[in-house]
>>> print(open('my_file12.pdb').read())   # PDB, C-alpha atoms, pLDDT in the B column
ATOM      1  CA  LEU A   1     -13.167 -41.716 -14.351  1.00 88.00           C
ATOM      2  CA  ASN A   2     -14.683 -39.882 -11.399  1.00 91.00           C
ATOM      3  CA  GLU A   3     -13.794 -42.640  -8.979  1.00 93.00           C
ATOM      4  CA  ILE A   4     -10.278 -43.018 -10.350  1.00 92.00           C
ATOM      5  CA  TYR A   5      -9.561 -39.309  -9.822  1.00 91.00           C
ATOM      6  CA  THR A   6     -11.190 -39.188  -6.359  1.00 92.00           C
ATOM      7  CA  ARG A   7      -8.960 -39.804  -3.365  1.00 92.00           C
ATOM      8  CA  LYS A   8     -10.227 -42.819  -1.442  1.00 93.00           C
ATOM      9  CA  GLY A   9     -12.067 -41.833   1.725  1.00 89.00           C
ATOM     10  CA  THR A  10     -12.810 -38.227   0.741  1.00 91.00           C
ATOM     11  CA  ARG A  11     -16.375 -38.696  -0.510  1.00 89.00           C
ATOM     12  CA  LEU A  12     -18.936 -37.874   2.165  1.00 89.00           C
ATOM     13  CA  MET A  13     -20.814 -40.968   3.409  1.00 91.00           C
ATOM     14  CA  SER A  14     -18.797 -43.224   1.053  1.00 90.00           C
ATOM     15  CA  PRO A  15     -15.451 -44.047   2.697  1.00 91.00           C
ATOM     16  CA  THR A  16     -14.654 -46.850   0.227  1.00 92.00           C
ATOM     17  CA  TYR A  17     -15.259 -44.711  -2.891  1.00 95.00           C
ATOM     18  CA  GLY A  18     -12.169 -43.514  -4.714  1.00 95.00           C
ATOM     19  CA  SER A  19      -8.693 -44.587  -5.706  1.00 95.00           C
ATOM     20  CA  ILE A  20      -5.612 -45.327  -3.637  1.00 95.00           C
ATOM     21  CA  VAL A  21      -3.221 -43.789  -6.182  1.00 93.00           C
ATOM     22  CA  TRP A  22      -3.273 -40.393  -4.453  1.00 91.00           C
ATOM     23  CA  ASP A  23      -2.026 -42.067  -1.261  1.00 90.00           C
ATOM     24  CA  LEU A  24       0.852 -43.722  -3.139  1.00 89.00           C
ATOM     25  CA  LEU A  25       2.133 -40.619  -4.934  1.00 86.00           C
ATOM     26  CA  PHE A  26       4.839 -39.883  -2.400  1.00 81.00           C
ATOM     27  CA  ASP A  27       5.943 -43.510  -1.983  1.00 83.00           C
ATOM     28  CA  PRO A  28       8.517 -45.269  -4.148  1.00 83.00           C
ATOM     29  CA  LEU A  29       6.819 -47.076  -7.015  1.00 87.00           C
ATOM     30  CA  TYR A  30       7.938 -50.638  -6.233  1.00 91.00           C
ATOM     31  CA  ASP A  31       6.293 -53.808  -7.529  1.00 93.00           C
ATOM     32  CA  ASP A  32       3.925 -54.083  -4.558  1.00 94.00           C
ATOM     33  CA  ALA A  33       2.702 -50.497  -5.064  1.00 93.00           C
ATOM     34  CA  ILE A  34       2.190 -51.124  -8.798  1.00 95.00           C
ATOM     35  CA  GLU A  35       0.249 -54.290  -8.008  1.00 96.00           C
ATOM     36  CA  ALA A  36      -1.901 -52.410  -5.478  1.00 96.00           C
ATOM     37  CA  ILE A  37      -2.704 -49.761  -8.117  1.00 96.00           C
ATOM     38  CA  ARG A  38      -3.625 -52.455 -10.657  1.00 97.00           C
ATOM     39  CA  ASP A  39      -5.863 -54.221  -8.139  1.00 97.00           C
ATOM     40  CA  ASP A  40      -7.536 -50.932  -7.248  1.00 97.00           C
ATOM     41  CA  CYS A  41      -8.181 -50.110 -10.918  1.00 96.00           C
ATOM     42  CA  LEU A  42      -9.645 -53.575 -11.445  1.00 97.00           C
ATOM     43  CA  ARG A  43     -11.916 -53.072  -8.412  1.00 96.00           C
ATOM     44  CA  ILE A  44     -13.147 -49.765  -9.846  1.00 96.00           C
ATOM     45  CA  ILE A  45     -13.638 -51.074 -13.403  1.00 96.00           C
ATOM     46  CA  ASN A  46     -15.498 -54.169 -12.164  1.00 96.00           C
ATOM     47  CA  LYS A  47     -18.171 -51.922 -10.631  1.00 95.00           C
ATOM     48  CA  ASP A  48     -19.454 -51.205 -14.148  1.00 95.00           C
ATOM     49  CA  PRO A  49     -20.657 -54.420 -15.836  1.00 95.00           C
ATOM     50  CA  ARG A  50     -20.373 -52.754 -19.255  1.00 95.00           C
ATOM     51  CA  LEU A  51     -16.575 -52.568 -18.963  1.00 96.00           C
ATOM     52  CA  LYS A  52     -13.841 -55.172 -18.835  1.00 96.00           C
ATOM     53  CA  MET A  53     -10.209 -54.359 -18.148  1.00 96.00           C
ATOM     54  CA  LEU A  54      -7.841 -55.952 -20.642  1.00 96.00           C
ATOM     55  CA  GLN A  55      -4.599 -54.431 -19.415  1.00 96.00           C
ATOM     56  CA  CYS A  56      -3.289 -51.971 -16.837  1.00 96.00           C
ATOM     57  CA  ASN A  57       0.128 -50.346 -17.184  1.00 96.00           C
ATOM     58  CA  VAL A  58       1.475 -48.236 -14.347  1.00 96.00           C
ATOM     59  CA  THR A  59       4.484 -46.031 -15.024  1.00 94.00           C
ATOM     60  CA  GLU A  60       6.252 -43.237 -13.233  1.00 90.00           C
ATOM     61  CA  ASN A  61       7.765 -40.092 -14.715  1.00 85.00           C
ATOM     62  CA  ILE A  62      10.248 -39.091 -12.034  1.00 74.00           C
ATOM     63  CA  ASP A  63      11.205 -35.798 -13.725  1.00 71.00           C
ATOM     64  CA  GLN A  64       7.607 -34.562 -13.672  1.00 70.00           C
ATOM     65  CA  GLN A  65       6.748 -36.322 -10.378  1.00 81.00           C
ATOM     66  CA  THR A  66       3.855 -38.137 -12.039  1.00 89.00           C
ATOM     67  CA  ILE A  67       2.253 -41.584 -11.936  1.00 93.00           C
ATOM     68  CA  ILE A  68       0.553 -42.592 -15.186  1.00 94.00           C
ATOM     69  CA  VAL A  69      -2.066 -45.347 -15.265  1.00 95.00           C
ATOM     70  CA  ALA A  70      -2.963 -46.569 -18.762  1.00 96.00           C
ATOM     71  CA  LEU A  71      -6.006 -48.837 -18.904  1.00 96.00           C
ATOM     72  CA  ALA A  72      -6.957 -50.889 -21.952  1.00 96.00           C
ATOM     73  CA  LEU A  73     -10.702 -51.451 -21.689  1.00 96.00           C
ATOM     74  CA  ILE A  74     -13.380 -53.169 -23.689  1.00 97.00           C
ATOM     75  CA  TYR A  75     -16.922 -51.817 -23.797  1.00 96.00           C
ATOM     76  CA  VAL A  76     -18.773 -55.146 -23.607  1.00 96.00           C
ATOM     77  CA  PRO A  77     -22.089 -54.290 -25.367  1.00 95.00           C
ATOM     78  CA  THR A  78     -20.345 -53.330 -28.598  1.00 96.00           C
ATOM     79  CA  SER A  79     -16.957 -55.067 -28.128  1.00 96.00           C
ATOM     80  CA  THR A  80     -15.278 -51.708 -28.643  1.00 96.00           C
ATOM     81  CA  THR A  81     -11.805 -51.304 -27.173  1.00 96.00           C
ATOM     82  CA  THR A  82     -10.573 -48.039 -25.771  1.00 94.00           C
ATOM     83  CA  GLU A  83      -7.692 -46.713 -23.723  1.00 95.00           C
ATOM     84  CA  LEU A  84      -8.032 -44.571 -20.635  1.00 93.00           C
ATOM     85  CA  ILE A  85      -4.942 -42.742 -19.417  1.00 94.00           C
ATOM     86  CA  ALA A  86      -5.094 -41.245 -15.936  1.00 93.00           C
ATOM     87  CA  THR A  87      -2.280 -38.949 -14.824  1.00 92.00           C
ATOM     88  CA  PHE A  88      -1.602 -38.291 -11.156  1.00 91.00           C
ATOM     89  CA  ASN A  89       0.789 -35.419 -10.501  1.00 88.00           C
ATOM     90  CA  ARG A  90       2.437 -34.812  -7.134  1.00 75.00           C
ATOM     91  CA  THR A  91       2.199 -31.040  -7.536  1.00 71.00           C
ATOM     92  CA  THR A  92      -1.517 -31.252  -8.338  1.00 61.00           C
ATOM     93  CA  SER A  93      -2.011 -33.609  -5.403  1.00 51.00           C
ATOM     94  CA  THR A  94      -0.479 -31.104  -2.991  1.00 43.00           C
ATOM     95  CA  GLU A  95      -2.670 -28.313  -4.375  1.00 44.00           C
ATOM     96  CA  MET A  96      -5.779 -30.495  -4.030  1.00 45.00           C
ATOM     97  CA  LEU A  97      -4.955 -31.356  -0.423  1.00 43.00           C
ATOM     98  CA  GLU A  98      -4.317 -27.726   0.522  1.00 40.00           C
ATOM     99  CA  GLY A  99      -7.288 -26.322  -1.406  1.00 37.00           C
TER     100      GLY A  99
END
>>> encode(input="my_file12.pdb", output="structure tokens")
Amino acid sequence: LNEIYTRKGTRLMSPTYGSIVWDLLFDPLYDDAIEAIRDDCLRIINKDPRLKMLQCNVTENIDQQTIIVALALIYVPTSTTTELIATFNRTTSTEMLEG
């Protein structure tokens, strides 16, 4: 969750840590952008051998200027499934960049 909500390249001494979603907030959400977000989520999830990504749905709420990433995950040791929903808001993004 920390890496998903961290903008890629902002962590000191770890330029590859973080997610690309923050960089795509102001771009149109076309198929190639959705695929890039899915690939990035898979890269992040694959770092933890205890988790396996079953599904990744990327949606956009234009009225609220928000990208929503819903991940269906399985916790491998116990075969427990769970859902992680990460919300990226354009207003919050602007505040984070200015702050």
>>> resolve_selection(input="my_file12.pdb", expression="the PyMOL selection byres ((chain A and resi 78-91) around 9)", output="CSV table (one decimal) with C-alpha atoms, in the coordinates of the input")
chain,number,residue,atom,x,y,z
A,1,LEU,CA,-13.2,-41.7,-14.4
A,4,ILE,CA,-10.3,-43.0,-10.4
A,5,TYR,CA,-9.6,-39.3,-9.8
A,21,VAL,CA,-3.2,-43.8,-6.2
A,22,TRP,CA,-3.3,-40.4,-4.5
A,25,LEU,CA,2.1,-40.6,-4.9
A,26,PHE,CA,4.8,-39.9,-2.4
A,54,LEU,CA,-7.8,-56.0,-20.6
A,64,GLN,CA,7.6,-34.6,-13.7
A,65,GLN,CA,6.7,-36.3,-10.4
A,66,THR,CA,3.9,-38.1,-12.0
A,67,ILE,CA,2.3,-41.6,-11.9
A,68,ILE,CA,0.6,-42.6,-15.2
A,69,VAL,CA,-2.1,-45.3,-15.3
A,70,ALA,CA,-3.0,-46.6,-18.8
A,71,LEU,CA,-6.0,-48.8,-18.9
A,72,ALA,CA,-7.0,-50.9,-22.0
A,73,LEU,CA,-10.7,-51.5,-21.7
A,74,ILE,CA,-13.4,-53.2,-23.7
A,75,TYR,CA,-16.9,-51.8,-23.8
A,76,VAL,CA,-18.8,-55.1,-23.6
A,77,PRO,CA,-22.1,-54.3,-25.4
A,92,THR,CA,-1.5,-31.3,-8.3
A,93,SER,CA,-2.0,-33.6,-5.4
A,94,THR,CA,-0.5,-31.1,-3.0
A,95,GLU,CA,-2.7,-28.3,-4.4
A,96,MET,CA,-5.8,-30.5,-4.0
>>> closest_residue(input="my_file12.pdb", among="A:Ser19, A:Cys56, A:Asp63, A:Arg50", to="Ile34 in chain A", atoms="all atoms listed in the file")
A:Cys56
>>> resolve_selection(input="my_file12.pdb", expression="the PyMOL selection byres ((chain A and resi 8) around 6)", output="PDB file with C-alpha atoms, in the coordinates of the input")
ATOM      1  CA  ARG A   7      -8.960 -39.804  -3.365  1.00 92.00           C
ATOM      2  CA  GLY A   9     -12.067 -41.833   1.725  1.00 89.00           C
ATOM      3  CA  THR A  10     -12.810 -38.227   0.741  1.00 91.00           C
ATOM      4  CA  TYR A  17     -15.259 -44.711  -2.891  1.00 95.00           C
ATOM      5  CA  GLY A  18     -12.169 -43.514  -4.714  1.00 95.00           C
ATOM      6  CA  SER A  19      -8.693 -44.587  -5.706  1.00 95.00           C
ATOM      7  CA  ILE A  20      -5.612 -45.327  -3.637  1.00 95.00           C
TER       8      ILE A  20
END
>>> closest_residue(input="my_file12.pdb", among="A:Leu42, A:Met13, A:Leu29, A:Leu24", to="Glu60 in chain A", atoms="only C-alpha atoms")
A:Leu29
>>> atom_distance(input="my_file12.pdb", atom1="CA of Asn2 in chain A", atom2="CA of Pro15 in chain A")
14.7 Å
>>> atom_distance(input="my_file12.pdb", atom1="CA of Asn57 in chain A", atom2="CA of Arg43 in chain A")
15.1 Å
>>> atom_distance(input="my_file12.pdb", atom1="CA of Pro28 in chain A", atom2="CA of Ile62 in chain A")
10.2 Å
>>> closest_residue(input="my_file12.pdb", among="A:Thr16, A:Thr59, A:Asp23, A:Asp31", to="Ile44 in chain A", atoms="all atoms listed in the file")
A:Thr16
>>> closest_residue(input="my_file12.pdb", among="A:Ile45, A:Met53, A:Leu12, A:Val58", to="Ala33 in chain A", atoms="all atoms listed in the file")
A:Val58
